[in-house]
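> I have a structure here, written as structure tokens, and I will follow up with some questions on it.
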Amino acid sequence: MKPSKFDYYKPSTIEETLNLLATHGDEGKILAGGQSFIPILNMRMSEIESLIDINGVKNLDFIDVENDILRIGAMTRQSSIERSELIKDHLPLLREAITFIGHRQTRNRGTVGGSVAHADPSAELPLALLALNADVIIQSEMEERRANLEDFFLTYLTTDMMPDELLTRIEIPIDDVPNGYAFEEISRRHGDFALVSAACLMECDDAGAVTRIRLVIGGVDAVPLLASEDDIKPLLGTRLDDSKVDAAIENILLMAEPDADLHASSEYRFHLAGILAKRVMTKAYEHAERGRTTV
């Protein structure tokens, strides 16, 4: 199928892009990598009046570090994350998550900002970046503002962005990232959308007791599910064991409301979520333990 008719614009600067967004309002839609949006248009699941292609916009494709903040431009390709030495050294969880995205051709076109703005609740990048406590920088003609991903994702495919705003970069604090990490997902085939996914960061003290955990589960709610401090608190100050992990996961998943579709029932997704949550917590703990003993 082919999309319905629309006007096409290709700005070359952020300022020009913001002007187009302000002019076209709800009818102006951004094209970044297009790996999700183009199929939606082609199948006429969405019809638009104006397409604003930002692939030619300067200053949106970069990975750098400034004042212990790793910054990723919105138009940075997913494959660039995969190859980046900065990401490898500072954010191995993010690098691990990238490898689950589609296939190499998908990652060569897909962008970091596009995936975050699309806000699929089981997508790899929103999950990993939420685990890493990332902020997004959002710009309009009137102002530039910052939003933490915990507040940015509102519901399924919906974010805290107005029609005249553009996501310009993602910022991640790297001065104190836990050294234990893990990312896992289950899909019908390699490269398919995940049925359920999970990401975990963990840190231990010299005795092997857990001091920090950040666990996120995708595919079980309208937004990625971040474990609350109350759910994690019973695990802190002790070494992990199966019974403690199982009890914590049971509490975390009380808030889960997985949807059913032709790929999986809600019960099956719930079952997978428990398995993956335990798997990433165990793997992250093992990473943290190895890092502690090799320092």
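Within each chain, counting starts at residue 1; across the structure tokens, chains are named A, B, ... in the order shown, with ligands numbered 1 upward in that order.
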Could you produce a table of the residues of stretch 55-81 of chain A lying within 9 Å of stretch 22-42 of chain A, with the nearest pair of atoms per residue and their separation in Å rounded to one decimal, using only C-alpha atoms, ordered by chain and increasing residue number, as a Markdown table?

| residue | atom | partner | partner_atom | distance |
| --- | --- | --- | --- | --- |
| A:Asn55 | CA | A:Ala32 | CA | 6.1 |
| A:Ala74 | CA | A:Ala32 | CA | 8.5 |
| A:Met75 | CA | A:Ala32 | CA | 6.7 |
| A:Arg77 | CA | A:Gly33 | CA | 7.9 |
> Using 10 Å as the limit and counting only C-alpha atoms, can you tabulate each residue of stretch 158-193 of chain A that touches stretch 91-113 of chain A, with its shortest atom-to-atom distance in Å and the two atoms involved, as CSV?

residue,atom,partner,partner_atom,distance
A:Leu166,CA,A:Gly113,CA,9.6
A:Leu167,CA,A:Gly113,CA,6.6
A:Thr168,CA,A:Gly113,CA,7.4
A:Arg169,CA,A:Gly113,CA,6.9
A:Ile170,CA,A:Gly113,CA,7.5
A:Ile172,CA,A:Leu91,CA,9.1
A:Pro173,CA,A:Leu91,CA,9.8
A:Ile174,CA,A:Leu91,CA,7.6
A:Val177,CA,A:Leu91,CA,7.8
A:Pro178,CA,A:Leu91,CA,9.6
A:Asn179,CA,A:Pro92,CA,8.9
A:Gly180,CA,A:Leu93,CA,8.8
A:Tyr181,CA,A:Leu93,CA,5.8
A:Ala182,CA,A:Leu93,CA,6.3
A:Phe183,CA,A:Ala97,CA,5.9
A:Glu184,CA,A:Ala97,CA,7.8
A:Glu185,CA,A:Phe100,CA,7.8
A:Ile186,CA,A:Phe100,CA,9.7
A:Ser187,CA,A:Phe100,CA,9.7
A:Arg189,CA,A:Gly102,CA,9.8
A:His190,CA,A:Gly102,CA,7.3
A:Gly191,CA,A:Gly102,CA,3.8
A:Asp192,CA,A:Gly102,CA,6.2
A:Phe193,CA,A:Gly102,CA,7.6
> Give me a file of those residues, with C-alpha atoms, as an mmCIF file, in the first residue's frame.

data_model
loop_
_atom_site.group_PDB
_atom_site.id
_atom_site.type_symbol
_atom_site.label_atom_id
_atom_site.label_comp_id
_atom_site.auth_asym_id
_atom_site.auth_seq_id
_atom_site.Cartn_x
_atom_site.Cartn_y
_atom_site.Cartn_z
ATOM 1 C CA LEU A 166 11.076 18.738 18.855
ATOM 2 C CA LEU A 167 13.125 16.231 20.844
ATOM 3 C CA THR A 168 16.711 17.373 20.236
ATOM 4 C CA ARG A 169 18.875 15.180 22.488
ATOM 5 C CA ILE A 170 19.019 12.642 25.309
ATOM 6 C CA ILE A 172 22.402 10.477 30.740
ATOM 7 C CA PRO A 173 24.416 10.997 33.961
ATOM 8 C CA ILE A 174 27.501 8.773 33.885
ATOM 9 C CA VAL A 177 26.300 4.307 36.894
ATOM 10 C CA PRO A 178 26.011 0.901 38.653
ATOM 11 C CA ASN A 179 28.455 -1.622 37.182
ATOM 12 C CA GLY A 180 25.977 -4.518 37.174
ATOM 13 C CA TYR A 181 23.694 -4.543 34.152
ATOM 14 C CA ALA A 182 21.515 -6.816 32.044
ATOM 15 C CA PHE A 183 19.004 -6.554 29.212
ATOM 16 C CA GLU A 184 16.783 -9.386 27.956
ATOM 17 C CA GLU A 185 13.753 -9.740 25.731
ATOM 18 C CA ILE A 186 11.601 -12.466 24.237
ATOM 19 C CA SER A 187 10.231 -12.219 20.701
ATOM 20 C CA ARG A 189 11.770 -14.444 15.987
ATOM 21 C CA HIS A 190 15.044 -12.564 16.137
ATOM 22 C CA GLY A 191 14.389 -9.028 14.954
ATOM 23 C CA ASP A 192 10.656 -9.084 15.732
ATOM 24 C CA PHE A 193 9.071 -6.678 18.180
#
> Write out as a VMD selection string which residues come within 10 Å of A:Glu171 when counting only C-alpha atoms, dropping same-chain ones fewer than 6 positions away.
chain A and resid 63 to 66 68 to 73 129 132 to 137 146 148
> Show which residues sit within 9 Å of A:Leu240, as an NGL selection string. Count only C-alpha atoms, and ignore same-chain residues fewer than 4 positions away.
:A and (208-210 or 235-236 or 244-245 or 281-282 or 285)
> Enumerate, as number ranges by chain, the complete set of residues in stretch 6-244 of chain A that a backbone-based DSSP assignment places in strand (DSSP E).
A: 7-9, 28-31, 50-53, 63-66, 69-73, 135-139, 144-148, 153-155, 158-159, 166-173, 180-186, 196-204, 210-218, 225-226
> Once DSSP has gone over the backbone, tell me which residues of stretch 82-267 of chain A are in helix (DSSP H, G or I), as a PyMOL selection string.
chain A and resi 82-83+85-90+92-98+104-109+112-118+124-131+149-152+229-235+242-255+266-267
> Produce a file of the selected residues containing C-alpha atoms, as a PDB file, in the first residue's frame.

ATOM      1  CA  GLU A  82      26.366   0.046  18.777  1.00  0.00           C
ATOM      2  CA  ARG A  83      29.817   1.118  17.537  1.00  0.00           C
ATOM      3  CA  GLU A  85      33.487   3.574  22.332  1.00  0.00           C
ATOM      4  CA  LEU A  86      31.935   6.161  24.666  1.00  0.00           C
ATOM      5  CA  ILE A  87      28.800   4.041  24.979  1.00  0.00           C
ATOM      6  CA  LYS A  88      30.878   0.888  25.426  1.00  0.00           C
ATOM      7  CA  ASP A  89      32.945   2.460  28.214  1.00  0.00           C
ATOM      8  CA  HIS A  90      30.213   4.311  30.090  1.00  0.00           C
ATOM      9  CA  PRO A  92      27.223  -0.987  28.424  1.00  0.00           C
ATOM     10  CA  LEU A  93      23.543  -1.600  29.206  1.00  0.00           C
ATOM     11  CA  LEU A  94      22.581   0.697  26.331  1.00  0.00           C
ATOM     12  CA  ARG A  95      24.977  -1.027  23.971  1.00  0.00           C
ATOM     13  CA  GLU A  96      23.589  -4.431  24.950  1.00  0.00           C
ATOM     14  CA  ALA A  97      19.998  -3.279  24.406  1.00  0.00           C
ATOM     15  CA  ILE A  98      20.798  -1.957  20.916  1.00  0.00           C
ATOM     16  CA  ARG A 104      21.553  -4.311  11.112  1.00  0.00           C
ATOM     17  CA  GLN A 105      19.656  -2.584   8.298  1.00  0.00           C
ATOM     18  CA  THR A 106      17.048  -1.447  10.818  1.00  0.00           C
ATOM     19  CA  ARG A 107      19.681  -0.019  13.143  1.00  0.00           C
ATOM     20  CA  ASN A 108      21.437   1.745  10.249  1.00  0.00           C
ATOM     21  CA  ARG A 109      18.299   3.839   9.664  1.00  0.00           C
ATOM     22  CA  VAL A 112      17.637   7.166  19.085  1.00  0.00           C
ATOM     23  CA  GLY A 113      15.317  10.155  19.272  1.00  0.00           C
ATOM     24  CA  GLY A 114      12.792   8.574  16.933  1.00  0.00           C
ATOM     25  CA  SER A 115      12.509   5.454  19.083  1.00  0.00           C
ATOM     26  CA  VAL A 116      12.122   7.460  22.292  1.00  0.00           C
ATOM     27  CA  ALA A 117       9.520   9.798  20.779  1.00  0.00           C
ATOM     28  CA  HIS A 118       7.581   6.860  19.301  1.00  0.00           C
ATOM     29  CA  GLU A 124      14.520  -1.520  23.629  1.00  0.00           C
ATOM     30  CA  LEU A 125      15.759   2.089  23.751  1.00  0.00           C
ATOM     31  CA  PRO A 126      12.991   3.593  25.920  1.00  0.00           C
ATOM     32  CA  LEU A 127      13.468   0.702  28.348  1.00  0.00           C
ATOM     33  CA  ALA A 128      17.252   0.972  28.606  1.00  0.00           C
ATOM     34  CA  LEU A 129      17.255   4.767  28.784  1.00  0.00           C
ATOM     35  CA  LEU A 130      14.614   4.761  31.531  1.00  0.00           C
ATOM     36  CA  ALA A 131      16.757   2.312  33.496  1.00  0.00           C
ATOM     37  CA  LEU A 149      11.818   9.711  30.981  1.00  0.00           C
ATOM     38  CA  GLU A 150       9.873   8.594  34.040  1.00  0.00           C
ATOM     39  CA  ASP A 151       7.532  11.545  33.377  1.00  0.00           C
ATOM     40  CA  PHE A 152       7.947  11.698  29.586  1.00  0.00           C
ATOM     41  CA  GLU A 229      11.535   2.236  45.601  1.00  0.00           C
ATOM     42  CA  ASP A 230       9.125   0.413  47.919  1.00  0.00           C
ATOM     43  CA  ASP A 231       9.295  -2.722  45.758  1.00  0.00           C
ATOM     44  CA  ILE A 232      13.091  -2.652  45.610  1.00  0.00           C
ATOM     45  CA  LYS A 233      13.716  -1.725  49.257  1.00  0.00           C
ATOM     46  CA  PRO A 234      13.464  -5.317  50.664  1.00  0.00           C
ATOM     47  CA  LEU A 235      16.362  -6.345  48.389  1.00  0.00           C
ATOM     48  CA  ASP A 242      15.804 -16.645  44.682  1.00  0.00           C
ATOM     49  CA  SER A 243      13.173 -16.198  47.374  1.00  0.00           C
ATOM     50  CA  LYS A 244      13.882 -12.477  47.813  1.00  0.00           C
ATOM     51  CA  VAL A 245      13.895 -11.868  44.058  1.00  0.00           C
ATOM     52  CA  ASP A 246      10.654 -13.828  43.559  1.00  0.00           C
ATOM     53  CA  ALA A 247       8.889 -11.863  46.309  1.00  0.00           C
ATOM     54  CA  ALA A 248      10.066  -8.525  44.907  1.00  0.00           C
ATOM     55  CA  ILE A 249       8.981  -9.403  41.361  1.00  0.00           C
ATOM     56  CA  GLU A 250       5.555 -10.492  42.591  1.00  0.00           C
ATOM     57  CA  ASN A 251       5.076  -7.054  44.177  1.00  0.00           C
ATOM     58  CA  ILE A 252       6.416  -5.201  41.127  1.00  0.00           C
ATOM     59  CA  LEU A 253       4.051  -6.999  38.761  1.00  0.00           C
ATOM     60  CA  LEU A 254       0.981  -6.140  40.842  1.00  0.00           C
ATOM     61  CA  MET A 255       0.835  -2.928  38.813  1.00  0.00           C
ATOM     62  CA  SER A 266      -2.087 -11.142  28.671  1.00  0.00           C
ATOM     63  CA  GLU A 267      -1.457 -14.168  30.900  1.00  0.00           C
TER      64      GLU A 267
END
> What separation in Å, quoted to one decimal, exists between atom CA of A:Glu49 and atom CA of A:Asp7?
6.0 Å
> For each of A:Cys204, A:Leu20, A:Ala198, A:Leu276, take the minimum atom-to-atom distance to A:Gly291, counting only C-alpha atoms, then give the residue where this is smallest.
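Of A:Cys204, A:Leu20, A:Ala198, A:Leu276, the one nearest A:Gly291 is A:Cys204, counting only C-alpha atoms.
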> When distances are computed from only C-alpha atoms, which of A:Ser140, A:Thr238, A:Ser122, A:Thr159 shows the smallest separation from A:Gly218?
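Smallest distance to A:Gly218 is found for A:Ser122.
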> For A:Glu143, which residue among A:Val280, A:Ala123, A:Glu165, A:Ser84 is the nearest when counting only C-alpha atoms?
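Among A:Val280, A:Ala123, A:Glu165, A:Ser84, it is A:Glu165 that comes nearest to A:Glu143.
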> What's the separation between atom CA of A:Ala277 and atom CA of A:Leu262, in Å to one decimal place?
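Separation between atom CA of A:Ala277 and atom CA of A:Leu262: 23.2 Å.
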> Could you check which of A:Gly56, A:Asp206, A:Pro163, A:Phe62 is closest to A:Ile138, using only C-alpha atoms?
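That would be A:Pro163, the residue with the smallest distance to A:Ile138.
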